[in-house]
$ cat query15.txt   # compact mmCIF, C-alpha atoms
# COMPACT_ATOMS: atom_id res chain seq x y z
CA MET A 136 0.00 0.00 0.00
CA ALA A 137 2.93 2.29 0.66
CA GLY A 138 3.61 2.26 -3.07
CA PHE A 139 0.14 3.59 -3.92
CA LYS A 140 0.30 6.78 -5.93
CA TYR A 141 -2.66 8.86 -6.96
CA ASN A 142 -3.46 11.86 -9.09
CA ILE A 143 -6.35 14.30 -9.29
CA ASP A 144 -7.95 12.40 -12.20
CA GLN A 145 -8.21 9.27 -10.04
CA ILE A 146 -10.01 11.24 -7.34
CA ASP A 147 -12.40 12.62 -9.97
CA ASP A 148 -12.92 9.11 -11.32
CA PHE A 149 -13.65 7.81 -7.82
CA LEU A 150 -16.15 10.61 -7.12
CA ASN A 151 -17.85 10.00 -10.45
CA GLU A 152 -17.99 6.25 -9.83
CA ARG A 153 -15.69 5.49 -12.73
CA LEU A 154 -13.07 3.56 -10.73
CA LYS A 155 -13.52 -0.20 -10.97
CA GLY A 156 -11.99 -3.48 -9.76
CA GLU A 157 -8.57 -3.54 -8.14
CA GLU A 158 -8.00 0.14 -8.74
CA LEU A 159 -11.11 0.93 -6.68
CA ILE A 160 -10.11 -1.45 -3.88
CA ALA A 161 -6.60 0.07 -3.68
CA PHE A 162 -8.09 3.57 -3.66
CA LYS A 163 -10.52 2.80 -0.84
CA SER A 164 -7.87 1.03 1.23
CA TYR A 165 -5.52 3.98 0.90
CA MET A 166 -8.31 6.30 2.05
CA GLN A 167 -8.78 4.18 5.17
CA ILE A 168 -5.16 4.18 6.21
CA GLU A 169 -4.16 7.67 5.10
CA GLU A 170 -6.14 10.41 6.87
CA ALA A 171 -4.63 13.24 4.78
CA PHE A 172 -5.67 11.48 1.58
CA ARG A 173 -9.22 10.93 2.85
CA LYS A 174 -9.47 14.66 3.60
CA GLU A 175 -8.12 15.48 0.15
CA VAL A 176 -10.85 13.33 -1.43
CA GLU A 177 -13.51 14.98 0.75
CA LEU A 178 -12.30 18.44 -0.19
CA GLN A 179 -12.37 17.54 -3.87
CA LYS A 180 -15.94 16.24 -3.45
CA ASP A 181 -17.02 19.49 -1.81
CA LEU A 182 -15.30 21.50 -4.51
CA LEU A 183 -17.12 19.61 -7.27
CA VAL A 184 -20.50 19.96 -5.55
CA GLY A 185 -19.82 23.67 -5.04
CA LEU A 186 -18.76 24.09 -8.67
CA ASN A 187 -21.85 22.35 -10.02
CA GLU A 188 -24.23 24.26 -7.80
CA HIS A 189 -22.55 27.57 -8.64
CA PHE A 190 -22.98 26.99 -12.35
CA ASN A 191 -26.57 25.80 -11.82
CA LYS A 192 -27.24 29.06 -10.02
CA GLU A 193 -25.67 30.92 -12.93
CA LEU A 194 -27.94 29.03 -15.31
CA LYS A 195 -31.01 29.89 -13.25
CA LYS A 196 -30.05 33.58 -13.49
CA LYS A 197 -29.82 33.17 -17.24
CA LEU A 198 -33.37 31.73 -17.33
CA ILE A 199 -34.68 34.58 -15.17
CA ASN A 200 -32.94 37.15 -17.38
CA SER A 201 -34.50 35.60 -20.47
CA ASP A 202 -37.91 36.31 -18.90
CA LYS A 203 -36.91 39.90 -18.19
CA SER A 204 -35.68 40.54 -21.71
CA ILE A 205 -38.93 39.17 -23.13
CA ALA A 206 -41.07 41.20 -20.76
CA ASN A 207 -39.14 44.32 -21.90
CA THR A 208 -40.89 46.56 -19.39
CA PRO A 209 -40.69 50.22 -20.43
CA THR A 210 -39.25 52.62 -17.83
CA LYS A 211 -41.43 55.35 -16.41
CA LYS A 212 -40.37 58.81 -17.52
CA VAL A 213 -41.28 62.31 -16.38
CA ILE A 214 -43.36 63.93 -19.13
CA PRO A 215 -42.60 67.62 -19.80
CA PRO A 216 -45.66 69.98 -19.77
CA TYR A 217 -45.43 70.83 -23.48
CA ILE A 218 -45.73 67.14 -24.33
CA GLN A 219 -48.71 66.86 -21.99
CA TYR A 220 -50.43 69.76 -23.80
CA GLY A 221 -49.50 68.21 -27.10
CA PHE A 222 -51.03 64.96 -25.94
CA ALA A 223 -54.25 66.76 -24.96
CA ALA A 224 -54.41 68.34 -28.41
CA SER A 225 -53.87 65.00 -30.08
CA VAL A 226 -56.77 63.54 -28.08
CA VAL A 227 -59.03 66.18 -29.64
CA VAL A 228 -57.74 65.28 -33.09
CA PHE A 229 -58.25 61.61 -32.32
CA LEU A 230 -61.84 62.18 -31.24
CA ALA A 231 -62.48 64.06 -34.45
CA PHE A 232 -60.96 61.49 -36.78
CA GLY A 233 -60.83 58.39 -34.57
CA TYR A 234 -63.74 56.61 -36.13
CA PHE A 235 -62.30 57.02 -39.59
CA PHE A 236 -58.92 55.48 -38.67
CA LEU A 237 -60.50 52.78 -36.55
CA PHE A 238 -62.71 51.55 -39.33
CA LYS A 239 -59.91 51.91 -41.86
CA SER A 240 -57.75 49.71 -39.63
CA ILE A 241 -60.50 47.11 -39.33
CA ASP A 242 -60.80 47.17 -43.11
CA ASN A 243 -57.07 46.51 -43.47
CA THR A 244 -57.23 43.58 -41.05
CA ALA A 245 -60.10 42.12 -43.04
CA LEU A 246 -58.13 42.64 -46.25
CA TYR A 247 -55.11 40.95 -44.71
CA ASN A 248 -57.21 38.00 -43.59
CA GLU A 249 -58.73 37.73 -47.05
CA PHE A 250 -55.40 37.57 -48.85
CA TYR A 251 -53.22 35.87 -46.28
CA LYS A 252 -52.69 32.12 -46.41
CA PRO A 253 -49.78 30.26 -44.75
CA TYR A 254 -47.22 29.43 -47.40
CA PRO A 255 -46.95 25.67 -47.96
CA ASN A 256 -43.72 23.76 -47.52
CA ILE A 257 -42.57 23.46 -51.12
CA VAL A 258 -39.40 21.53 -50.30
CA ASN A 259 -40.45 18.05 -51.30
CA PRO A 260 -39.83 15.47 -48.54
CA GLN A 261 -38.37 13.01 -51.06
CA VAL A 262 -35.97 15.62 -52.41
CA ARG A 263 -34.99 16.96 -49.04
CA GLY A 264 -34.71 13.39 -47.72
CA GLU A 265 -31.05 13.47 -48.69
CA GLU A 266 -30.46 15.42 -45.50
CA ASN A 267 -32.46 14.28 -42.51
CA LEU A 268 -31.69 17.45 -40.60
CA GLN A 269 -33.47 19.61 -43.21
CA ALA A 270 -36.41 17.24 -43.29
CA ASP A 271 -36.81 17.30 -39.54
CA ILE A 272 -36.59 21.06 -39.25
CA LEU A 273 -39.14 21.79 -41.99
CA GLN A 274 -41.41 19.16 -40.48
CA TYR A 275 -42.00 21.59 -37.60
CA TYR A 276 -43.02 24.33 -40.03
CA GLU A 277 -45.39 21.87 -41.73
CA ILE A 278 -47.17 21.02 -38.49
CA ALA A 279 -47.34 24.74 -37.60
CA ASP A 280 -45.06 24.39 -34.56
CA TYR A 281 -43.39 27.66 -35.45
CA ASN A 282 -41.62 28.19 -32.12
CA THR A 283 -39.69 24.94 -32.43
CA ALA A 284 -39.06 25.60 -36.11
CA ILE A 285 -37.54 28.97 -35.18
CA ILE A 286 -35.19 27.45 -32.60
CA LEU A 287 -33.92 24.85 -35.05
CA LEU A 288 -33.74 27.20 -38.03
CA GLU A 289 -31.74 29.77 -36.04
CA LYS A 290 -29.18 27.07 -35.25
CA ALA A 291 -29.11 25.84 -38.83
CA LEU A 292 -28.66 29.37 -40.19
CA GLU A 293 -25.48 29.83 -38.17
CA LYS A 294 -23.81 27.72 -40.83
CA LYS A 295 -22.68 29.63 -43.93
CA GLU A 296 -23.87 26.96 -46.33
CA ALA A 297 -27.43 26.92 -44.94
CA PRO A 298 -29.95 26.73 -47.82
CA LEU A 299 -32.00 29.81 -48.70
CA ALA A 300 -35.15 27.77 -47.98
CA PHE A 301 -34.18 27.83 -44.30
CA ARG A 302 -34.00 31.64 -44.26
CA PHE A 303 -37.31 31.88 -46.11
CA TYR A 304 -39.18 29.55 -43.74
CA TYR A 305 -37.48 31.21 -40.78
CA GLY A 306 -38.96 34.55 -41.91
CA LEU A 307 -42.41 33.01 -42.38
CA SER A 308 -42.26 31.32 -38.95
CA LEU A 309 -41.38 34.66 -37.33
CA MET A 310 -44.31 36.23 -39.17
CA GLU A 311 -46.63 33.48 -37.94
CA ILE A 312 -45.82 34.11 -34.29
CA GLY A 313 -46.17 37.86 -34.70
CA LYS A 314 -42.48 38.84 -34.64
CA THR A 315 -43.04 41.05 -37.64
CA GLU A 316 -40.00 43.31 -37.23
CA GLN A 317 -37.63 40.36 -37.33
CA ALA A 318 -39.66 38.76 -40.12
CA ILE A 319 -39.23 41.89 -42.26
CA ILE A 320 -35.43 41.79 -41.84
CA VAL A 321 -35.23 38.10 -42.71
CA LEU A 322 -37.59 38.23 -45.70
CA ASN A 323 -35.72 41.26 -47.06
CA GLN A 324 -32.55 39.14 -46.94
CA VAL A 325 -34.37 36.50 -48.98
CA THR A 326 -35.45 39.02 -51.64
CA GLU A 327 -31.86 40.30 -51.89
CA SER A 328 -30.77 36.87 -53.06
CA LYS A 329 -32.98 37.20 -56.19
CA ASP A 330 -33.62 33.45 -56.11
CA ILE A 331 -36.63 32.90 -58.37
CA LYS A 332 -38.18 30.24 -56.19
CA PHE A 333 -38.32 32.32 -53.01
CA ASN A 334 -38.09 35.94 -54.18
CA ASP A 335 -41.74 36.30 -55.28
CA PRO A 336 -43.37 34.79 -52.17
CA ALA A 337 -40.94 36.65 -49.90
CA GLU A 338 -41.97 39.99 -51.47
CA TRP A 339 -45.66 39.08 -51.25
CA TYR A 340 -45.43 38.22 -47.56
CA LEU A 341 -43.42 41.37 -46.88
CA GLY A 342 -46.31 43.38 -48.36
CA LEU A 343 -48.80 41.48 -46.20
CA ILE A 344 -46.75 42.13 -43.06
CA TYR A 345 -46.78 45.87 -43.74
CA LEU A 346 -50.52 45.69 -44.38
CA ARG A 347 -50.99 43.89 -41.06
CA ARG A 348 -48.92 46.57 -39.34
CA ASN A 349 -51.04 49.28 -41.02
CA ASP A 350 -47.96 50.68 -42.73
CA LEU A 351 -49.92 51.38 -45.89
CA ILE A 352 -47.26 53.42 -47.71
CA LYS A 353 -44.78 50.55 -47.64
CA ALA A 354 -47.49 47.94 -48.27
CA LYS A 355 -48.79 49.77 -51.37
CA ASP A 356 -45.26 50.34 -52.61
CA ILE A 357 -44.53 46.60 -52.50
CA PHE A 358 -47.88 45.53 -53.99
CA GLU A 359 -47.47 48.05 -56.85
CA THR A 360 -44.03 46.65 -57.63
CA ILE A 361 -45.44 43.11 -57.64
CA ALA A 362 -48.49 44.13 -59.73
CA ASN A 363 -46.23 45.65 -62.38
CA SER A 364 -43.88 42.67 -62.59
CA ASN A 365 -44.01 39.13 -63.90
CA SER A 366 -44.34 37.82 -60.36
CA SER A 367 -46.60 34.85 -59.75
CA TYR A 368 -48.40 37.15 -57.29
CA GLU A 369 -49.02 39.84 -59.95
CA LYS A 370 -52.77 39.24 -60.19
CA ARG A 371 -53.33 38.93 -56.44
CA ALA A 372 -51.33 42.13 -55.80
CA GLY A 373 -53.50 43.99 -58.34
CA GLU A 374 -56.71 42.79 -56.69
CA LEU A 375 -55.46 43.72 -53.25
CA LEU A 376 -54.43 47.19 -54.45
CA GLU A 377 -57.89 47.78 -55.94
CA GLN A 378 -59.50 47.09 -52.59
CA LEU A 379 -56.86 49.05 -50.71
CA ASN A 380 -57.44 52.14 -52.85
CA MET B 115 -49.63 19.75 -30.07
CA THR B 116 -47.76 16.51 -30.33
CA VAL B 117 -44.34 16.90 -31.82
CA SER B 118 -42.47 14.12 -33.46
CA ILE B 119 -39.82 12.45 -31.35
CA SER B 120 -37.42 12.48 -34.29
CA GLY B 121 -37.62 16.29 -34.39
CA ASP B 122 -37.09 16.57 -30.66
CA LYS B 123 -33.94 14.52 -31.06
CA GLU B 124 -32.32 17.31 -33.07
CA LEU B 125 -33.00 19.70 -30.22
CA PHE B 126 -31.88 17.10 -27.71
CA GLU B 127 -28.55 16.75 -29.53
CA LEU B 128 -27.92 20.47 -29.13
CA LEU B 129 -28.70 20.18 -25.42
CA ARG B 130 -26.36 17.20 -25.11
CA LYS B 131 -23.60 19.37 -26.53
CA GLY B 132 -24.18 21.79 -23.67
CA ASP B 133 -25.81 24.53 -25.75
CA GLU B 134 -27.28 26.78 -23.04
CA ASP B 135 -29.02 29.07 -25.53
CA SER B 136 -31.07 26.10 -26.74
CA LEU B 137 -31.91 25.28 -23.13
CA VAL B 138 -33.17 28.84 -22.59
CA LYS B 139 -35.27 28.53 -25.73
CA VAL B 140 -36.72 25.21 -24.55
CA TYR B 141 -37.57 26.90 -21.24
CA GLN B 142 -39.33 29.75 -23.01
CA LEU B 143 -41.10 27.33 -25.34
CA PHE B 144 -42.78 25.24 -22.63
CA LYS B 145 -42.94 27.64 -19.68
CA GLY B 146 -46.33 29.11 -20.59
CA ASN B 147 -48.01 25.69 -20.71
CA TYR B 148 -46.58 24.73 -17.34
CA ILE B 149 -47.68 27.97 -15.68
CA SER B 150 -51.25 27.43 -16.93
CA TRP B 151 -51.18 23.85 -15.63
CA GLY B 152 -49.72 24.80 -12.23
CA GLN B 153 -52.20 27.61 -11.74
CA LYS B 154 -55.14 25.43 -12.72
CA ASN B 155 -54.26 22.31 -10.73
CA PHE B 156 -52.47 23.69 -7.67
CA LEU B 157 -53.69 27.28 -7.49
CA LEU B 158 -50.05 28.41 -7.56
CA SER B 159 -49.09 31.93 -8.55
CA ALA B 160 -47.42 32.51 -11.91
CA GLU B 161 -44.20 33.46 -10.07
CA GLU B 162 -44.20 30.18 -8.09
CA CYS B 163 -44.79 28.18 -11.26
CA GLU B 164 -42.00 30.04 -13.01
CA ASP B 165 -39.58 29.29 -10.17
CA ILE B 166 -40.50 25.59 -10.14
CA PHE B 167 -40.20 25.36 -13.89
CA GLN B 168 -36.74 26.96 -13.81
CA ASP B 169 -35.66 24.32 -11.28
CA ALA B 170 -37.14 21.63 -13.51
CA ILE B 171 -35.10 22.87 -16.46
CA ILE B 172 -31.95 22.82 -14.30
CA ALA B 173 -32.72 19.27 -13.08
CA PHE B 174 -33.30 18.23 -16.69
CA ASN B 175 -29.98 19.80 -17.70
CA ASP B 176 -28.22 18.10 -14.76
CA ASN B 177 -29.47 14.80 -16.00
CA ILE B 178 -28.16 15.44 -19.49
CA ARG B 179 -24.74 16.76 -18.51
CA THR B 180 -24.10 13.96 -16.01
CA LYS B 181 -25.14 11.49 -18.73
CA ARG B 182 -27.94 9.99 -16.65
CA LEU B 183 -30.13 10.87 -19.61
CA THR B 184 -28.48 9.88 -22.87
CA GLU B 185 -31.48 8.96 -24.99
CA LEU B 186 -34.92 10.48 -25.22
CA ASN B 187 -37.77 7.97 -25.38
CA CYS B 188 -40.56 10.52 -25.16
CA SER B 189 -41.00 14.14 -26.23
CA LEU B 190 -38.92 16.82 -24.53
CA LYS B 191 -42.10 18.42 -23.28
CA THR B 192 -43.33 15.21 -21.64
CA TYR B 193 -40.01 14.63 -19.95
CA ILE B 194 -39.55 18.17 -18.63
CA PHE B 195 -43.18 18.41 -17.50
CA SER B 196 -42.79 15.16 -15.57
CA ILE B 197 -39.88 16.63 -13.63
CA ALA B 198 -41.81 19.86 -13.06
CA LYS B 199 -44.84 17.95 -11.81
CA ASN B 200 -42.81 16.01 -9.27
CA LEU B 201 -41.00 19.14 -8.17
CA THR B 202 -44.36 20.84 -7.67
CA ILE B 203 -45.66 18.02 -5.48
CA LYS B 204 -42.39 17.87 -3.57
CA ARG B 205 -42.47 21.58 -2.92
CA LEU B 206 -46.09 21.60 -1.79
CA ASN B 207 -45.76 18.60 0.44
CA ASN B 208 -42.54 16.68 0.96
CA ASN B 209 -44.41 13.59 2.06
CA SER B 210 -46.91 13.57 -0.78
CA ARG B 211 -46.48 11.00 -3.51
CA GLU B 212 -49.82 11.36 -5.21
CA GLU B 213 -49.92 10.72 -8.91
CA LEU B 214 -51.63 13.08 -11.31
CA LYS B 215 -52.74 12.00 -14.71
CA ASP B 216 -52.18 14.39 -17.52
CA GLU B 217 -51.45 14.03 -21.21
CA TYR B 218 -47.96 15.46 -20.73
CA PHE B 219 -47.06 13.43 -17.69
CA ASP B 220 -46.55 9.90 -18.90
CA ALA B 221 -42.79 9.87 -19.28
CA PRO B 222 -41.38 6.35 -19.61
CA ILE B 223 -38.36 7.41 -17.54
CA ASP B 224 -39.22 8.19 -13.97
CA PRO B 225 -38.21 11.81 -13.36
CA ARG B 226 -38.98 11.28 -9.67
CA GLU B 227 -35.48 9.83 -9.38
CA ILE B 228 -34.09 13.09 -10.67
CA VAL B 229 -35.96 15.06 -8.06
CA ASP B 230 -34.78 12.73 -5.30
CA GLN B 231 -31.21 13.22 -6.43
CA MET B 232 -31.40 16.98 -5.94
CA ILE B 233 -28.70 17.99 -3.52
CA ILE B 234 -29.05 19.78 -0.21
CA LEU B 235 -25.78 21.62 0.21
CA SER B 236 -23.75 21.42 3.38
CA GLU B 237 -22.63 24.69 4.94
CA LYS B 238 -19.10 24.01 3.73
CA GLN B 239 -20.27 23.42 0.16
CA GLN B 240 -22.31 26.63 0.25
CA LYS B 241 -19.23 28.56 1.34
CA ILE B 242 -17.20 27.03 -1.48
CA MET B 243 -19.96 27.88 -3.93
CA SER B 244 -19.88 31.54 -2.91
CA LEU B 245 -16.15 31.66 -3.59
CA LEU B 246 -16.41 30.66 -7.22
CA LYS B 247 -17.12 34.22 -8.29
CA PHE B 248 -13.57 35.14 -7.22
CA LEU B 249 -12.04 32.65 -9.61
CA LYS B 250 -10.48 34.40 -12.60
CA GLU B 251 -10.17 33.49 -16.25
CA PRO B 252 -9.15 31.17 -17.80
CA CYS B 253 -9.78 29.03 -14.71
CA TYR B 254 -13.47 29.94 -14.49
CA SER B 255 -14.13 28.78 -18.05
CA ILE B 256 -11.89 25.71 -17.89
CA LEU B 257 -13.50 24.39 -14.71
CA LYS B 258 -16.98 25.13 -16.04
CA LEU B 259 -16.34 23.32 -19.32
CA TYR B 260 -14.57 20.36 -17.73
CA TYR B 261 -16.56 19.73 -14.55
CA TYR B 262 -19.95 21.25 -15.34
CA LYS B 263 -20.33 20.64 -19.04
CA SER B 264 -18.24 17.45 -19.05
CA TYR B 265 -16.36 18.55 -22.18
CA SER B 266 -13.30 16.53 -23.18
CA MET B 267 -9.86 18.14 -22.98
CA GLU B 268 -9.75 18.10 -26.77
CA ILE B 269 -12.97 20.10 -27.10
CA ILE B 270 -11.90 22.55 -24.39
CA ALA B 271 -8.61 23.13 -26.21
CA ARG B 272 -10.56 23.93 -29.38
CA GLU B 273 -13.14 26.14 -27.60
CA LEU B 274 -10.59 28.17 -25.66
CA ASN B 275 -7.88 28.25 -28.35
CA TYR B 276 -5.26 26.18 -26.55
CA LYS B 277 -2.44 24.53 -28.47
CA ASN B 278 -3.47 21.02 -27.47
CA GLU B 279 -5.26 18.99 -24.82
CA LYS B 280 -2.09 18.45 -22.76
CA VAL B 281 -1.80 22.19 -22.20
CA VAL B 282 -5.41 22.32 -21.05
CA LYS B 283 -4.89 19.36 -18.73
CA SER B 284 -1.95 21.05 -16.99
CA GLN B 285 -3.88 24.32 -16.81
CA LYS B 286 -6.86 22.51 -15.28
CA VAL B 287 -4.67 21.10 -12.49
CA ARG B 288 -3.31 24.61 -11.84
CA CYS B 289 -6.88 25.95 -11.75
CA MET B 290 -8.02 23.36 -9.21
CA ASN B 291 -5.01 24.20 -7.06
CA GLU B 292 -5.91 27.88 -7.35
CA LEU B 293 -9.46 27.11 -6.23
CA LYS B 294 -8.18 25.03 -3.30
CA LYS B 295 -5.89 27.89 -2.29
CA LEU B 296 -8.81 30.30 -2.47
CA VAL B 297 -10.83 28.01 -0.23
CA LYS B 298 -8.00 27.40 2.23
CA ASP B 299 -7.20 31.12 2.44
CA ARG B 300 -10.78 32.01 3.20
CA PHE B 301 -11.61 29.36 5.74
CA SER B 302 -9.91 28.11 8.80
CA LYS B 303 -8.76 24.50 8.90
CA GLY B 304 -11.65 23.69 11.24
CA ASP B 305 -14.16 24.92 8.70
CA LEU B 306 -12.74 22.66 6.06
CA GLY B 307 -12.67 19.53 8.19

$ encode --input "query15.txt" --output "C-alpha cells"
Amino acid sequence: MAGFKYNIDQIDDFLNERLKGEELIAFKSYMQIEEAFRKEVELQKDLLVGLNEHFNKELKKKLINSDKSIANTPTKKVIPPYIQYGFAASVVVFLAFGYFFLFKSIDNTALYNEFYKPYPNIVNPQVRGEENLQADILQYYEIADYNTAIILLEKALEKKEAPLAFRFYYGLSLMEIGKTEQAIIVLNQVTESKDIKFNDPAEWYLGLIYLRRNDLIKAKDIFETIANSNSSYEKRAGELLEQLN
Amino acid sequence: MTVSISGDKELFELLRKGDEDSLVKVYQLFKGNYISWGQKNFLLSAEECEDIFQDAIIAFNDNIRTKRLTELNCSLKTYIFSIAKNLTIKRLNNNSREELKDEYFDAPIDPREIVDQMIILSEKQQKIMSLLKFLKEPCYSILKLYYYKSYSMEIIARELNYKNEKVVKSQKVRCMNELKKLVKDRFSKGDLG
C-alpha cells in the first residue's frame, strides 16, 4: 500500500464512480489508512459539488434574465408639460378622426385575412430526404409548430452553407408568431438573393406584413411593384391594391 | 400539439452538446403551458410556477450533462413536465407521492429519481460555492467546461484556443489548485474539516 500513488484524475474518477476493480479497492484502502488522503478526497468532493451548484445558479439567473428581456418593461419617464399639452391636443384630433382610422384599420385587417394564407412547404420530402436534418426542421413548419421551427432554423442558419429555404421559412415562422419586425429583416434578406423560387413569395409576404402593421405606404409600394412585374403574385397584388385604394 | 420524437432529437442533440441558448429557448417554449397547468391544478401563482419550472429545467440539464439521460424515449415536453410535476408536489408537500394523470405526464423514464437526487448543500459546500465568483479566467471557463459541461480536454482546447489537450490538462490542475488555495485562504482549517 505504501507504493500507492494517486493523481487528481483518479479522485475525480472515484467521485464520479468510474473507478472499478482492483483500482477501486486500492483507492478505498488507501483512504482508510491515510487520513490526509481521505481529507483530500472529501475536499475535492465538496469543490465539485460547489462548482456544479454555482454553475446551476448561474444558469437559473440566465433563465430569469431571459424572462426579463422578453417582458421588456418600459421605464417610467417624467413627461414635460409641453408634451402633456401636445397629448391633450392630439386627443381632440383623435376624437375628431378616430372613427375614420378605426374603421380603416379594421378594413385593413379584413383585407389581410382575405389575402393571407400560410405558405406551404414546397421543399419536397423526397428531395430533401437526402439530408435528414433539413427534413426534420421543416417538419415543424409543416405542423405549424413555429416556435420549435424557429429554434432549429436559427441554429441551422449559423452555418454559412445553410440553404435559402431555411431563411425563407425562418422569416415566415417569425411572421406566424407575430415577430413582424424580425420577419421583415429576414424576408428582405431572402429578396436580396434574387432566387426565383423564393423571391416572389418573400416579397408578397413582406407586403402582407406591412398591411398587417397598417404601414400602408410601404405595403402599397410593394404591392405596386409586384403588380407591375411578372411575379406569380401579380394578379393577387393587383386585386389587393384595388381594394386598398 | 404533439411533436415528433425524431424532431425533438435534433434539439436534444444540441442540449447534449451543452448549448445553453437552446436550453433557454426550450424553457421559453414550454414555460407558458406549465404555468397554466400549475395555476389550474395547484392554485399556484405565476411566479411560483416560473420558479419551479426553472428548477425543472436545471434538473433536466443536470441529467443530461451527467449522462444519466443519454437517450430520449418521449417528447422533450413530456419529460420536462414530468420533472416539473414532481418538483411541484415535492415543494407543496414533501411527504406527498400522489400521482396526477395528464397528457404530458406519462414519461417512460421516472423523473422522480431526478428530483430525489437533488442535492441539499452542506454549509461548507455553500461557502465554497460563494467563492467561485472570485475565480479568474481562464480558470473559471476551464473548470466550467470540464466539470460542469463534461467537455473533453480536446474540445476545451478547441473552444478556448489552446495549443493542445495536454496544455489544457496542466492548466486545469493549476486551476483546481488555485481554487483550493482560495478556499484554504478564506476558511480556517476547522471549517474545512

$ interface_residues --input "query15.txt" --of "chain A" --to "chain B" --cutoff "9 Å" --atoms "only C-alpha atoms" --output "ChimeraX atom specification"
/A:143,174,177-179,181-192,194-195,197-199,201-202,268,271-272,274-275,278,280,282-283,286-287,290

$ atom_distance --input "query15.txt" --atom1 "atom CA of B:Leu201" --atom2 "atom CA of B:Leu129"
21.2 Å

$ atom_distance --input "query15.txt" --atom1 "atom CA of A:Asp335" --atom2 "atom CA of A:Ser364"
9.9 Å

$ atom_distance --input "query15.txt" --atom1 "atom CA of B:Asn147" --atom2 "atom CA of B:Phe195"
9.3 Å

$ build_atoms --input "query15.txt" --residues "stretch 146-158 of chain B" --atoms "N, CA, C and O atoms" --output "mmCIF file, in the frame of the given file"
data_model
loop_
_atom_site.group_PDB
_atom_site.id
_atom_site.type_symbol
_atom_site.label_atom_id
_atom_site.label_comp_id
_atom_site.auth_asym_id
_atom_site.auth_seq_id
_atom_site.Cartn_x
_atom_site.Cartn_y
_atom_site.Cartn_z
ATOM 1 N N GLY B 146 -44.943 28.632 -20.609
ATOM 2 C CA GLY B 146 -46.330 29.110 -20.590
ATOM 3 C C GLY B 146 -47.316 27.984 -20.284
ATOM 4 O O GLY B 146 -48.218 28.140 -19.455
ATOM 5 N N ASN B 147 -47.120 26.841 -20.934
ATOM 6 C CA ASN B 147 -48.010 25.690 -20.710
ATOM 7 C C ASN B 147 -47.949 25.221 -19.262
ATOM 8 O O ASN B 147 -48.962 24.895 -18.661
ATOM 9 N N TYR B 148 -46.722 25.212 -18.719
ATOM 10 C CA TYR B 148 -46.580 24.730 -17.340
ATOM 11 C C TYR B 148 -47.243 25.691 -16.361
ATOM 12 O O TYR B 148 -47.913 25.252 -15.412
ATOM 13 N N ILE B 149 -47.076 26.988 -16.588
ATOM 14 C CA ILE B 149 -47.680 27.970 -15.680
ATOM 15 C C ILE B 149 -49.208 27.788 -15.674
ATOM 16 O O ILE B 149 -49.834 27.761 -14.611
ATOM 17 N N SER B 150 -49.792 27.636 -16.848
ATOM 18 C CA SER B 150 -51.250 27.430 -16.930
ATOM 19 C C SER B 150 -51.657 26.188 -16.137
ATOM 20 O O SER B 150 -52.634 26.192 -15.384
ATOM 21 N N TRP B 151 -50.869 25.121 -16.313
ATOM 22 C CA TRP B 151 -51.180 23.850 -15.630
ATOM 23 C C TRP B 151 -51.064 24.010 -14.124
ATOM 24 O O TRP B 151 -51.925 23.582 -13.359
ATOM 25 N N GLY B 152 -49.959 24.625 -13.666
ATOM 26 C CA GLY B 152 -49.720 24.800 -12.230
ATOM 27 C C GLY B 152 -50.775 25.671 -11.576
ATOM 28 O O GLY B 152 -51.223 25.392 -10.465
ATOM 29 N N GLN B 153 -51.185 26.710 -12.290
ATOM 30 C CA GLN B 153 -52.200 27.610 -11.740
ATOM 31 C C GLN B 153 -53.547 26.900 -11.629
ATOM 32 O O GLN B 153 -54.258 27.051 -10.647
ATOM 33 N N LYS B 154 -53.843 26.110 -12.661
ATOM 34 C CA LYS B 154 -55.140 25.430 -12.720
ATOM 35 C C LYS B 154 -55.236 24.300 -11.685
ATOM 36 O O LYS B 154 -56.245 24.167 -10.987
ATOM 37 N N ASN B 155 -54.183 23.505 -11.576
ATOM 38 C CA ASN B 155 -54.260 22.310 -10.730
ATOM 39 C C ASN B 155 -53.835 22.530 -9.275
ATOM 40 O O ASN B 155 -54.255 21.804 -8.398
ATOM 41 N N PHE B 156 -52.976 23.501 -9.032
ATOM 42 C CA PHE B 156 -52.470 23.690 -7.670
ATOM 43 C C PHE B 156 -52.715 25.081 -7.114
ATOM 44 O O PHE B 156 -52.252 25.388 -6.022
ATOM 45 N N LEU B 157 -53.392 25.902 -7.893
ATOM 46 C CA LEU B 157 -53.690 27.280 -7.490
ATOM 47 C C LEU B 157 -52.402 28.028 -7.108
ATOM 48 O O LEU B 157 -52.381 28.839 -6.180
ATOM 49 N N LEU B 158 -51.320 27.721 -7.807
ATOM 50 C CA LEU B 158 -50.050 28.410 -7.560
ATOM 51 C C LEU B 158 -50.047 29.744 -8.298
ATOM 52 O O LEU B 158 -50.766 29.909 -9.290
#
